[in-house]
file protein-v4.pdb (PDB, C-alpha atoms)
MODEL        1
ATOM      1  CA  MET E 821      19.087 -13.239 -47.370
ATOM      2  CA  LYS E 822      21.041 -14.702 -44.453
ATOM      3  CA  ASN E 823      18.090 -16.979 -43.649
ATOM      4  CA  MET E 824      18.043 -18.289 -47.213
ATOM      5  CA  ILE E 825      21.791 -18.955 -47.238
ATOM      6  CA  TYR E 826      21.499 -20.679 -43.865
ATOM      7  CA  ALA E 827      18.592 -22.805 -45.168
ATOM      8  CA  ILE E 828      20.492 -23.876 -48.309
ATOM      9  CA  LYS E 829      23.546 -24.690 -46.192
ATOM     10  CA  ASP E 830      21.313 -26.768 -43.908
ATOM     11  CA  LEU E 831      19.770 -28.430 -46.978
ATOM     12  CA  PHE E 832      23.152 -29.598 -48.247
ATOM     13  CA  GLN E 833      24.386 -30.581 -44.775
ATOM     14  CA  HIS E 834      21.459 -33.018 -44.650
ATOM     15  CA  PHE E 835      21.991 -34.170 -48.250
ATOM     16  CA  PHE E 836      20.808 -37.783 -47.749
ATOM     17  CA  ASN E 837      19.146 -37.364 -44.350
ATOM     18  CA  TRP E 838      15.427 -38.002 -44.125
ATOM     19  CA  HIS E 839      15.440 -38.473 -40.341
ATOM     20  CA  GLY E 840      14.314 -35.743 -37.995
ATOM     21  CA  ARG E 841      12.245 -32.670 -38.598
ATOM     22  CA  LEU E 842      12.435 -29.502 -40.687
ATOM     23  CA  SER E 843      10.377 -26.425 -39.845
ATOM     24  CA  LYS E 844       8.064 -24.773 -42.339
ATOM     25  CA  GLN E 845      10.223 -21.646 -42.436
ATOM     26  CA  GLY E 846      13.403 -23.682 -42.982
ATOM     27  CA  TYR E 847      11.842 -25.641 -45.848
ATOM     28  CA  TRP E 848      10.452 -22.609 -47.659
ATOM     29  CA  TYR E 849      13.690 -20.635 -47.344
ATOM     30  CA  ALA E 850      15.571 -23.591 -48.851
ATOM     31  CA  TRP E 851      12.989 -23.922 -51.619
ATOM     32  CA  LEU E 852      13.221 -20.194 -52.338
ATOM     33  CA  GLY E 853      17.020 -20.387 -52.523
ATOM     34  CA  VAL E 854      16.947 -23.279 -55.007
ATOM     35  CA  PHE E 855      14.266 -21.463 -57.027
ATOM     36  CA  ILE E 856      16.275 -18.209 -57.173
ATOM     37  CA  VAL E 857      19.374 -20.062 -58.396
ATOM     38  CA  ASN E 858      17.216 -21.663 -61.121
ATOM     39  CA  ILE E 859      15.853 -18.254 -62.131
ATOM     40  CA  ILE E 860      19.377 -16.803 -62.300
ATOM     41  CA  PHE E 861      20.555 -19.645 -64.544
ATOM     42  CA  ILE E 862      17.474 -19.317 -66.778
ATOM     43  CA  PHE E 863      18.021 -15.547 -66.992
ATOM     44  CA  LEU E 864      21.631 -16.109 -68.008
ATOM     45  CA  LEU E 865      20.566 -18.758 -70.517
ATOM     46  CA  ASN E 866      18.079 -16.424 -72.174
ATOM     47  CA  ASN E 867      20.182 -13.258 -72.143
ATOM     48  CA  LEU E 868      23.629 -14.450 -73.140
ATOM     49  CA  TYR E 869      24.101 -15.071 -76.818
ATOM     50  CA  GLY E 870      26.089 -17.797 -78.448
ATOM     51  CA  ILE E 871      25.334 -21.437 -78.942
ATOM     52  CA  GLU E 872      28.179 -22.616 -76.717
ATOM     53  CA  ILE E 873      27.102 -20.364 -73.825
ATOM     54  CA  ASN E 874      23.451 -21.434 -74.144
ATOM     55  CA  HIS E 875      24.416 -25.106 -74.135
ATOM     56  CA  PHE E 876      26.662 -24.522 -71.126
ATOM     57  CA  PHE E 877      23.866 -22.924 -69.088
ATOM     58  CA  SER E 878      21.391 -25.582 -70.227
ATOM     59  CA  TYR E 879      23.713 -28.225 -68.800
ATOM     60  CA  ILE E 880      24.261 -26.139 -65.656
ATOM     61  CA  ILE E 881      20.483 -25.924 -65.077
ATOM     62  CA  ILE E 882      20.106 -29.691 -65.534
ATOM     63  CA  LEU E 883      23.066 -30.360 -63.245
ATOM     64  CA  TRP E 884      21.774 -27.971 -60.564
ATOM     65  CA  ASN E 885      18.341 -29.632 -60.615
ATOM     66  CA  LEU E 886      19.908 -33.095 -60.401
ATOM     67  CA  ILE E 887      22.117 -31.996 -57.494
ATOM     68  CA  THR E 888      19.199 -30.481 -55.570
ATOM     69  CA  PHE E 889      16.686 -33.259 -56.325
ATOM     70  CA  PHE E 890      17.528 -35.591 -53.426
ATOM     71  CA  PRO E 891      18.173 -32.888 -50.819
ATOM     72  CA  MET E 892      14.797 -31.327 -51.634
ATOM     73  CA  LEU E 893      13.054 -34.724 -51.580
ATOM     74  CA  PHE E 894      14.545 -35.475 -48.171
ATOM     75  CA  ALA E 895      13.694 -31.950 -46.988
ATOM     76  CA  VAL E 896      10.073 -32.658 -47.948
ATOM     77  CA  MET E 897      10.258 -35.924 -45.987
ATOM     78  CA  ARG E 898      11.631 -34.096 -42.925
ATOM     79  CA  ARG E 899       8.920 -31.441 -43.353
ATOM     80  CA  TYR E 900       6.281 -34.200 -43.328
ATOM     81  CA  HIS E 901       7.869 -35.504 -40.130
ATOM     82  CA  ASP E 902       7.533 -32.011 -38.670
ATOM     83  CA  ILE E 903       3.747 -32.108 -39.091
ATOM     84  CA  GLY E 904       3.527 -35.656 -37.739
ATOM     85  CA  LYS E 905       3.103 -37.469 -41.074
ATOM     86  CA  ALA E 906       5.163 -40.389 -42.322
ATOM     87  CA  GLY E 907       7.980 -39.375 -44.654
ATOM     88  CA  TRP E 908       7.164 -42.066 -47.231
ATOM     89  CA  LYS E 909       4.012 -40.098 -48.085
ATOM     90  CA  ALA E 910       6.311 -37.444 -49.524
ATOM     91  CA  ILE E 911       7.408 -39.967 -52.120
ATOM     92  CA  ILE E 912       3.786 -40.431 -53.173
ATOM     93  CA  PHE E 913       2.729 -36.795 -53.155
ATOM     94  CA  TYR E 914       5.989 -35.117 -54.195
ATOM     95  CA  LEU E 915       7.736 -37.624 -56.424
ATOM     96  CA  LEU E 916       4.786 -39.454 -57.975
ATOM     97  CA  GLY E 917       2.954 -36.160 -58.442
ATOM     98  CA  LYS E 918       5.935 -34.694 -60.273
ATOM     99  CA  ILE E 919       6.311 -37.792 -62.458
ATOM    100  CA  CYS E 920       2.593 -37.930 -63.391
ATOM    101  CA  PHE E 921       2.484 -34.190 -64.089
ATOM    102  CA  LEU E 922       5.551 -34.214 -66.332
ATOM    103  CA  LEU E 923       4.542 -37.425 -68.129
ATOM    104  CA  GLY E 924       1.082 -35.978 -68.760
ATOM    105  CA  ILE E 925       2.571 -32.834 -70.282
ATOM    106  CA  ALA E 926       5.109 -34.773 -72.372
ATOM    107  CA  LEU E 927       2.563 -37.300 -73.649
ATOM    108  CA  THR E 928       0.079 -34.545 -74.514
ATOM    109  CA  CYS E 929       2.709 -32.592 -76.441
ATOM    110  CA  MET E 930       3.991 -35.640 -78.318
ATOM    111  CA  THR E 931       0.476 -36.788 -79.215
ATOM    112  CA  LEU E 932      -0.503 -33.350 -80.475
ATOM    113  CA  LEU E 933       2.704 -33.025 -82.502
ATOM    114  CA  VAL E 934       2.190 -36.423 -84.124
ATOM    115  CA  PHE E 935      -1.421 -35.505 -84.885
ATOM    116  CA  LEU E 936      -0.512 -32.087 -86.305
ATOM    117  CA  PHE E 937       2.302 -33.405 -88.487
ATOM    118  CA  SER E 938       0.377 -36.393 -89.828
ATOM    119  CA  ALA E 939      -1.072 -34.393 -92.709
ATOM    120  CA  GLY E 940      -2.498 -36.577 -95.432
ATOM    121  CA  VAL E 941      -2.256 -39.762 -93.351
ATOM    122  CA  ASN E 942      -5.362 -41.439 -92.017
ATOM    123  CA  VAL E 943      -5.387 -41.067 -88.235
ATOM    124  CA  ASN E 944      -7.395 -43.353 -86.003
ATOM    125  CA  MET E 945      -9.269 -40.701 -84.034
ATOM    126  CA  ALA E 946     -10.474 -43.176 -81.406
ATOM    127  CA  ASN E 947      -6.883 -44.035 -80.458
ATOM    128  CA  PHE E 948      -5.920 -40.364 -80.587
ATOM    129  CA  PHE E 949      -8.657 -39.488 -78.104
ATOM    130  CA  LYS E 950      -7.731 -42.421 -75.854
ATOM    131  CA  ILE E 951      -4.110 -41.299 -75.681
ATOM    132  CA  MET E 952      -5.164 -37.675 -75.095
ATOM    133  CA  LEU E 953      -7.569 -38.745 -72.347
ATOM    134  CA  PHE E 954      -4.836 -40.817 -70.699
ATOM    135  CA  SER E 955      -2.340 -37.954 -70.875
ATOM    136  CA  ILE E 956      -4.847 -35.460 -69.468
ATOM    137  CA  LEU E 957      -5.666 -37.939 -66.693
ATOM    138  CA  LEU E 958      -1.953 -38.228 -65.849
ATOM    139  CA  PHE E 959      -1.694 -34.444 -65.853
ATOM    140  CA  LEU E 960      -4.701 -34.100 -63.508
ATOM    141  CA  ILE E 961      -3.476 -36.814 -61.129
ATOM    142  CA  GLY E 962      -0.090 -35.091 -60.964
ATOM    143  CA  GLY E 963      -1.767 -31.745 -60.337
ATOM    144  CA  ILE E 964      -3.952 -33.134 -57.548
ATOM    145  CA  LEU E 965      -0.971 -34.800 -55.869
ATOM    146  CA  PHE E 966       1.004 -31.568 -56.264
ATOM    147  CA  ILE E 967      -1.759 -29.512 -54.577
ATOM    148  CA  TRP E 968      -2.105 -32.083 -51.806
ATOM    149  CA  ASN E 969       1.659 -31.929 -51.228
ATOM    150  CA  ILE E 970       1.556 -28.104 -51.017
ATOM    151  CA  ILE E 971      -1.259 -28.314 -48.472
ATOM    152  CA  PHE E 972       0.883 -30.615 -46.309
ATOM    153  CA  LEU E 973       3.945 -28.392 -46.687
ATOM    154  CA  LEU E 974       1.988 -25.295 -45.622
ATOM    155  CA  ARG E 975       0.653 -26.849 -42.424
ATOM    156  CA  PRO E 976       2.062 -25.477 -39.170
ATOM    157  CA  SER E 977       4.692 -27.472 -37.317
ATOM    158  CA  ASP E 978       3.813 -29.629 -34.324
ATOM    159  CA  SER E 979       4.781 -27.516 -31.357
ATOM    160  CA  LYS E 980       5.523 -30.546 -29.183
ATOM    161  CA  GLU E 981       7.689 -33.595 -29.619
ATOM    162  CA  ASN E 982       6.223 -36.173 -31.968
ATOM    163  CA  ALA E 983       7.314 -39.629 -33.136
ATOM    164  CA  TYR E 984      10.054 -38.047 -35.276
ATOM    165  CA  GLY E 985      11.753 -35.979 -32.603
ATOM    166  CA  LYS E 986      11.694 -32.601 -30.943
ATOM    167  CA  PRO E 987      10.667 -29.485 -32.838
ATOM    168  CA  ASN E 988      13.514 -27.916 -34.753
ATOM    169  CA  PRO E 989      12.840 -24.180 -34.946
ATOM    170  CA  PHE E 990      14.490 -22.453 -37.865
ATOM    171  CA  CYS E 991      16.813 -19.680 -36.878
ATOM    172  CA  TYR E 992      19.878 -18.148 -38.406
ATOM    173  CA  LYS E 993      22.631 -18.178 -35.817
ATOM    174  CA  HIS E 994      24.636 -15.041 -36.343
ATOM    175  CA  LYS E 995      27.635 -13.996 -34.370
ATOM    176  CA  ALA E 996      27.509 -10.740 -32.504
ATOM    177  CA  LYS E 997      29.877  -8.111 -33.851
ATOM    178  CA  LYS E 998      32.591  -7.005 -31.468
TER     179      LYS E 998
ENDMDL
END

call {"tool": "encode", "arguments": {"input": "protein-v4.pdb", "output": "structure tokens"}}
result
Amino acid sequence: MKNMIYAIKDLFQHFFNWHGRLSKQGYWYAWLGVFIVNIIFIFLLNNLYGIEINHFFSYIIILWNLITFFPMLFAVMRRYHDIGKAGWKAIIFYLLGKICFLLGIALTCMTLLVFLFSAGVNVNMANFFKIMLFSILLFLIGGILFIWNIIFLLRPSDSKENAYGKPNPFCYKHKAKK
């Protein structure tokens, strides 16, 4: 627990910092901390009743994800630096992968809804299949980029100094009790 708190603190201390390196352990503890906060908010959203409370936690979840978006993106960039890769590749694999994946899901859902609720109206099936093919292609491209990003994030750190600096081992610095 202390490691996760330390990692989230480190994440927000380097809010807009993409320089340097971030160890694999430091990245995954930060990711786990952000994920657990999301799960807590979703749990509260689903278990507290009342429209006002549900709207409040919906906005809190959106706000939390907006607040953690850039620190996590820059943490991914520093993690790429840690394995000796250029940080701009994180924008391709992390950001573009997320955008393609979400657009593919959204376009598929919208196309299916329009098709399902177009009862009695002539639907051009050729255009329907073209849009569905495009949305599935976006979904697959996003998924491939997502998997490629995970593979990079799971690689071990360079043990020696690389072009991005010295290794930065993750460790929680606790004070000895007197």

call {"tool": "closest_atom_pairs", "arguments": {"input": "protein-v4.pdb", "of": "stretch 907-964 of chain E", "to": "stretch 833-857 of chain E", "cutoff": "12 Å", "atoms": "all atoms listed in the file", "output": "Markdown table"}}
result
| residue | atom | partner | partner_atom | distance |
| --- | --- | --- | --- | --- |
| E:Gly907 | CA | E:Trp838 | CA | 7.6 |
| E:Trp908 | CA | E:Trp838 | CA | 9.7 |
| E:Ala910 | CA | E:Trp838 | CA | 10.6 |
| E:Ile911 | CA | E:Trp838 | CA | 11.5 |

call {"tool": "resolve_selection", "arguments": {"input": "protein-v4.pdb", "expression": "the PyMOL selection byres ((chain E and resi 977) around 8)", "output": "VMD selection string"}}
result
chain E and resid 843 to 844 902 to 903 975 to 976 978 to 979 987

call {"tool": "atom_distance", "arguments": {"input": "protein-v4.pdb", "atom1": "atom CA of E:Tyr826", "atom2": "atom CA of E:Tyr984"}}
result
22.5 Å

call {"tool": "resolve_selection", "arguments": {"input": "protein-v4.pdb", "expression": "the PyMOL selection byres ((chain E and resi 861) around 12)", "output": "NGL selection string"}}
result
:E and (854-860 or 862-868 or 873-885)

call {"tool": "closest_residue", "arguments": {"input": "protein-v4.pdb", "among": "E:Ala983, E:Thr931, E:Leu974, E:Ala906", "to": "E:Val943", "atoms": "all atoms listed in the file"}}
result
E:Thr931

call {"tool": "atom_distance", "arguments": {"input": "protein-v4.pdb", "atom1": "atom CA of E:Ile964", "atom2": "atom CA of E:Leu893"}}
result
18.1 Å

call {"tool": "atom_distance", "arguments": {"input": "protein-v4.pdb", "atom1": "atom CA of E:Ile887", "atom2": "atom CA of E:Ala827"}}
result
15.8 Å

call {"tool": "residues_around", "arguments": {"input": "protein-v4.pdb", "residues": "stretch 933-939 of chain E", "least_positions_apart": "6", "cutoff": "10 Å", "atoms": "all atoms listed in the file", "output": "list in words"}}
result
Leu927, Met945 and Phe948 of chain E

call {"tool": "closest_residue", "arguments": {"input": "protein-v4.pdb", "among": "E:Tyr914, E:Lys822, E:Phe972, E:Lys986", "to": "E:Arg899", "atoms": "all atoms listed in the file"}}
result
E:Phe972

call {"tool": "closest_residue", "arguments": {"input": "protein-v4.pdb", "among": "E:Gly904, E:Ala946, E:Phe959, E:Leu916", "to": "E:Lys980", "atoms": "only C-alpha atoms"}}
result
E:Gly904

call {"tool": "closest_residue", "arguments": {"input": "protein-v4.pdb", "among": "E:Leu973, E:Ile919, E:Ile961, E:Leu953", "to": "E:Lys905", "atoms": "only C-alpha atoms"}}
result
E:Leu973

call {"tool": "build_atoms", "arguments": {"input": "protein-v4.pdb", "residues": "stretch 889-909 of chain E", "atoms": "N, CA and C atoms", "output": "compact mmCIF listing (two decimals), in the coordinates of the input"}}
result
# COMPACT_ATOMS: atom_id res chain seq x y z
N PHE E 889 17.87 -32.39 -56.35
CA PHE E 889 16.69 -33.26 -56.32
C PHE E 889 16.57 -34.03 -55.01
N PHE E 890 17.61 -34.78 -54.64
CA PHE E 890 17.53 -35.59 -53.43
C PHE E 890 17.50 -34.75 -52.15
N PRO E 891 18.31 -33.70 -52.03
CA PRO E 891 18.17 -32.89 -50.82
C PRO E 891 16.77 -32.30 -50.66
N MET E 892 16.15 -31.87 -51.75
CA MET E 892 14.80 -31.33 -51.63
C MET E 892 13.78 -32.43 -51.32
N LEU E 893 13.95 -33.62 -51.90
CA LEU E 893 13.05 -34.72 -51.58
C LEU E 893 13.15 -35.07 -50.10
N PHE E 894 14.38 -35.14 -49.59
CA PHE E 894 14.54 -35.48 -48.17
C PHE E 894 14.12 -34.32 -47.27
N ALA E 895 14.21 -33.09 -47.75
CA ALA E 895 13.69 -31.95 -46.99
C ALA E 895 12.17 -32.04 -46.89
N VAL E 896 11.53 -32.46 -47.98
CA VAL E 896 10.07 -32.66 -47.95
C VAL E 896 9.73 -33.76 -46.95
N MET E 897 10.51 -34.83 -46.93
CA MET E 897 10.26 -35.92 -45.99
C MET E 897 10.41 -35.43 -44.55
N ARG E 898 11.45 -34.63 -44.28
CA ARG E 898 11.63 -34.10 -42.92
C ARG E 898 10.53 -33.09 -42.59
N ARG E 899 10.04 -32.37 -43.58
CA ARG E 899 8.92 -31.44 -43.35
C ARG E 899 7.65 -32.22 -43.00
N TYR E 900 7.42 -33.34 -43.67
CA TYR E 900 6.28 -34.20 -43.33
C TYR E 900 6.43 -34.71 -41.90
N HIS E 901 7.64 -35.07 -41.50
CA HIS E 901 7.87 -35.50 -40.13
C HIS E 901 7.51 -34.38 -39.16
N ASP E 902 7.78 -33.15 -39.54
CA ASP E 902 7.53 -32.01 -38.67
C ASP E 902 6.05 -31.82 -38.39
N ILE E 903 5.19 -32.23 -39.31
CA ILE E 903 3.75 -32.11 -39.09
C ILE E 903 3.15 -33.42 -38.58
N GLY E 904 4.00 -34.40 -38.31
CA GLY E 904 3.53 -35.66 -37.74
C GLY E 904 3.11 -36.70 -38.75
N LYS E 905 3.44 -36.50 -40.01
CA LYS E 905 3.10 -37.47 -41.07
C LYS E 905 4.32 -38.32 -41.40
N ALA E 906 4.07 -39.50 -41.92
CA ALA E 906 5.16 -40.39 -42.32
C ALA E 906 5.87 -39.82 -43.55
N GLY E 907 7.19 -39.93 -43.57
CA GLY E 907 7.98 -39.38 -44.65
C GLY E 907 7.77 -40.08 -45.98
N TRP E 908 7.36 -41.35 -45.97
CA TRP E 908 7.16 -42.07 -47.23
C TRP E 908 6.01 -41.46 -48.03
N LYS E 909 5.10 -40.75 -47.36
CA LYS E 909 4.01 -40.10 -48.08
C LYS E 909 4.55 -39.01 -49.01
